[in-house]
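Heads up: the structure comes next, in structure tokens.
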Number of protein chains: 2
Amino acid sequence: MDYYSSKIRTLIEELSRLPGIGAKSATRMAFHLINQPQETADRLADAIRDARAGVRLCRTCCTVTDGEECPICASTARDRSTIMVVENPRDLAAYEKTGRYNGLYHVLHGAISPALGIGPSDIKLKELMMRLQDEQVKEVIIATNSTLEGETTAAYLSKLIRPLGILTSRIANGIPVGGDLESIDEVTLLRALEGRRAL
Amino acid sequence: MDYYSSKIRTLIEELSRLPGIGAKSATRMAFHLINQPQETADRLADAIRDARAGVRLCRTCCTVTDGEECPICASTARDRSTIMVVENPRDLAAYEKTGRYNGLYHVLHGAISPALGIGPSDIKLKELMMRLQDEQVKEVIIATNSTLEGETTAAYLSKLIRPLGILTSRIANGIPVGGDLESIDEVTLLRALEGRRAL
């Protein structure tokens with residue numbers, strides 16, 4: 001890429017590291033950015049720096065947020081007797097977009113995967129178990145992905161929670177096997193929620 | 001997007017402004033970035049700011065660069081008797097990638113488009129004509145896109161240059177009509193270069 005000056009080359013290289021961005025998209029994005037007013041480029045640069053610098057995990061549900069507690073856990077309008085367990089914040093967002101789930105969440109930040117060496121202590125399981133002791137929880141809805149890792153995690157969780165006398169349910173298999181929650185349409189997400197079955 | 005904290009929301013919004021990036025890609029990119037070490041996020045932020053702040057047009061060929069003159073115009077290894085005229089720096093890069101063109105370039109930064117109100121004075125035409133008076137140029141290869149605007153610009157240019165006694169050529173129509181140079185494979189680009197015809 002000697003035909004680009006070094007700063008533009010650096011920008012293209014950095015953009016290429018983003019997920020799903022190849023050399024061609026990165027080049028297009030880089031030229032778009034240098035053709036914008038400086039303040040537009042600065043706004044994106046600031047947003048990247050600030051979001052990364054400000055990111056924390058909610059002290060209750062472990063989703064990513066700015067402050068101590070996320071907007072959902074801090075809300076007084078949510079039903080605190082139900083916790084939906086998801087793998088990551090984008091899965092939480094997928095259910096929030098349906099506008100039909102009013103309980104709380106718990107974000108595991110991953111799933112158990114013996115193949116990848118990810119065990120129960122590598123995800124936010126301990127934090128979930130703590131919540132189940134402290135709070136008035138009546139049901140835990142396990143909404144991990146319908147993948148091998150997600151199912152493994154669901155089975156492990158239900159075994160762990162059953163002795164506590166809390167109802168444990170699993171979202172229905174309306175979700176295509178092998179698919180990720182975040183890429184599924186809202187109707188299917190709702191059908192899966194309605195069809196959940198006790199474990 | 002109330003389910004995301006404000007800094008993450010801001011980042012997703014800013015990323016969504018990039019060309020070809022929808023809400024879903026922007027979200028994926030944002031979560032990737034906040035999961036990276038702070039220094040990785042900072043490196044991208046710096047690259048954006050620096051590339052934009054440092055961008056200039058080469059005083060000779062008008063391509064984007066960091067300093068006074070671009071690496072190609074500054075090189076002593078290039079054949080200074082040939083100038084290839086392209087619409088934008090990515091088209092220049094497309095021909096550089098073939099590794100088979102050794103002349104200089106001139107970047108117009110657009111093409112004449114009566115429909116969009118872009119006239120000859122809105123692109124770097126005057127700068128090209130200046131070069132043709134000062135330098136020992138024997139041939140101008142017009143490599144504007146094979147679109148209506150590109151062809152209009154080519155016709156306008158050849159009329160302007162012919163009185164100067166400089167050979168004017170147009171890259172061949174190996175390039176699919178309606179296509180942009182940057183998305184075309186190198187073999188086709190080379191064939192188009194070889195098949196250029198005098199105007």
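By order in the structure tokens, chains are A, B, ...; within a chain, residues start at 1; ligands start at 1, following the order shown.
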Please report as an mmCIF file with N, CA and C atoms, in the first residue's frame which residues of chain A come no farther than 6 Å from chain B, using only C-alpha atoms.
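Just written: selection.cif:
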data_model
loop_
_atom_site.group_PDB
_atom_site.id
_atom_site.type_symbol
_atom_site.label_atom_id
_atom_site.label_comp_id
_atom_site.auth_asym_id
_atom_site.auth_seq_id
_atom_site.Cartn_x
_atom_site.Cartn_y
_atom_site.Cartn_z
ATOM 1 N N SER A 5 -0.274 7.425 1.560
ATOM 2 C CA SER A 5 0.659 7.995 2.527
ATOM 3 C C SER A 5 0.506 7.251 3.852
ATOM 4 N N LYS A 7 -0.134 7.877 7.012
ATOM 5 C CA LYS A 7 -1.264 8.042 7.938
ATOM 6 C C LYS A 7 -2.526 7.368 7.417
ATOM 7 N N ILE A 8 -2.719 7.453 6.113
ATOM 8 C CA ILE A 8 -3.882 6.803 5.518
ATOM 9 C C ILE A 8 -3.716 5.286 5.591
ATOM 10 N N LEU A 11 -4.509 4.151 9.045
ATOM 11 C CA LEU A 11 -5.955 4.149 9.270
ATOM 12 C C LEU A 11 -6.600 2.919 8.620
ATOM 13 N N GLU A 14 -5.802 -0.162 10.709
ATOM 14 C CA GLU A 14 -6.553 -0.225 11.969
ATOM 15 C C GLU A 14 -8.020 -0.582 11.711
ATOM 16 N N ILE A 34 -11.542 10.714 5.696
ATOM 17 C CA ILE A 34 -10.659 11.853 5.442
ATOM 18 C C ILE A 34 -11.344 12.894 4.563
ATOM 19 N N ASP A 42 -13.257 13.474 14.353
ATOM 20 C CA ASP A 42 -12.973 13.548 15.792
ATOM 21 C C ASP A 42 -14.108 12.943 16.611
ATOM 22 N N LEU A 44 -16.080 10.472 15.855
ATOM 23 C CA LEU A 44 -15.948 9.013 15.858
ATOM 24 C C LEU A 44 -14.777 8.588 16.745
ATOM 25 N N ALA A 45 -13.657 9.299 16.604
ATOM 26 C CA ALA A 45 -12.477 8.966 17.418
ATOM 27 C C ALA A 45 -12.811 9.075 18.903
ATOM 28 N N ALA A 47 -15.778 8.893 20.292
ATOM 29 C CA ALA A 47 -16.769 7.879 20.667
ATOM 30 C C ALA A 47 -16.080 6.553 20.948
ATOM 31 N N ARG A 49 -12.861 6.061 21.867
ATOM 32 C CA ARG A 49 -12.056 6.174 23.081
ATOM 33 C C ARG A 49 -12.952 6.175 24.329
ATOM 34 N N ALA A 51 -16.134 5.204 24.731
ATOM 35 C CA ALA A 51 -16.914 3.989 24.984
ATOM 36 C C ALA A 51 -16.014 2.944 25.634
ATOM 37 N N ARG A 52 -14.785 2.814 25.101
ATOM 38 C CA ARG A 52 -13.879 1.824 25.676
ATOM 39 C C ARG A 52 -13.465 2.217 27.095
ATOM 40 N N THR A 65 -22.043 -1.380 30.630
ATOM 41 C CA THR A 65 -22.734 -0.128 30.884
ATOM 42 C C THR A 65 -21.714 0.941 31.257
ATOM 43 N N ASP A 66 -22.165 2.183 31.474
ATOM 44 C CA ASP A 66 -21.241 3.276 31.811
ATOM 45 C C ASP A 66 -21.015 3.392 33.312
#
Open item on the list: For the structure I just gave you, how does DSSP split chain A - specifically, which residues are helix (DSSP H, G or I)? Reply as an NGL selection string.
Closed with: :A and (6-16 or 23-34 or 38-54 or 71-74 or 89-98 or 120-122 or 125-134 or 148-164 or 181-183 or 186-194)
- [ ] Could you check which of A:Tyr156, A:Ile83, A:Asp91, A:Ile161 is closest to Val140 in chain A, using only C-alpha atoms?
- [x] A:Ile83
Open item on the list: Among range 17-164 of chain B, which ones does DSSP assign to strand (DSSP E or B) (computed from the backbone)? Answer as a PyMOL selection string.
Closed with: chain B and resi 56-57+64-65+79-86+103-107+113+118+139-142
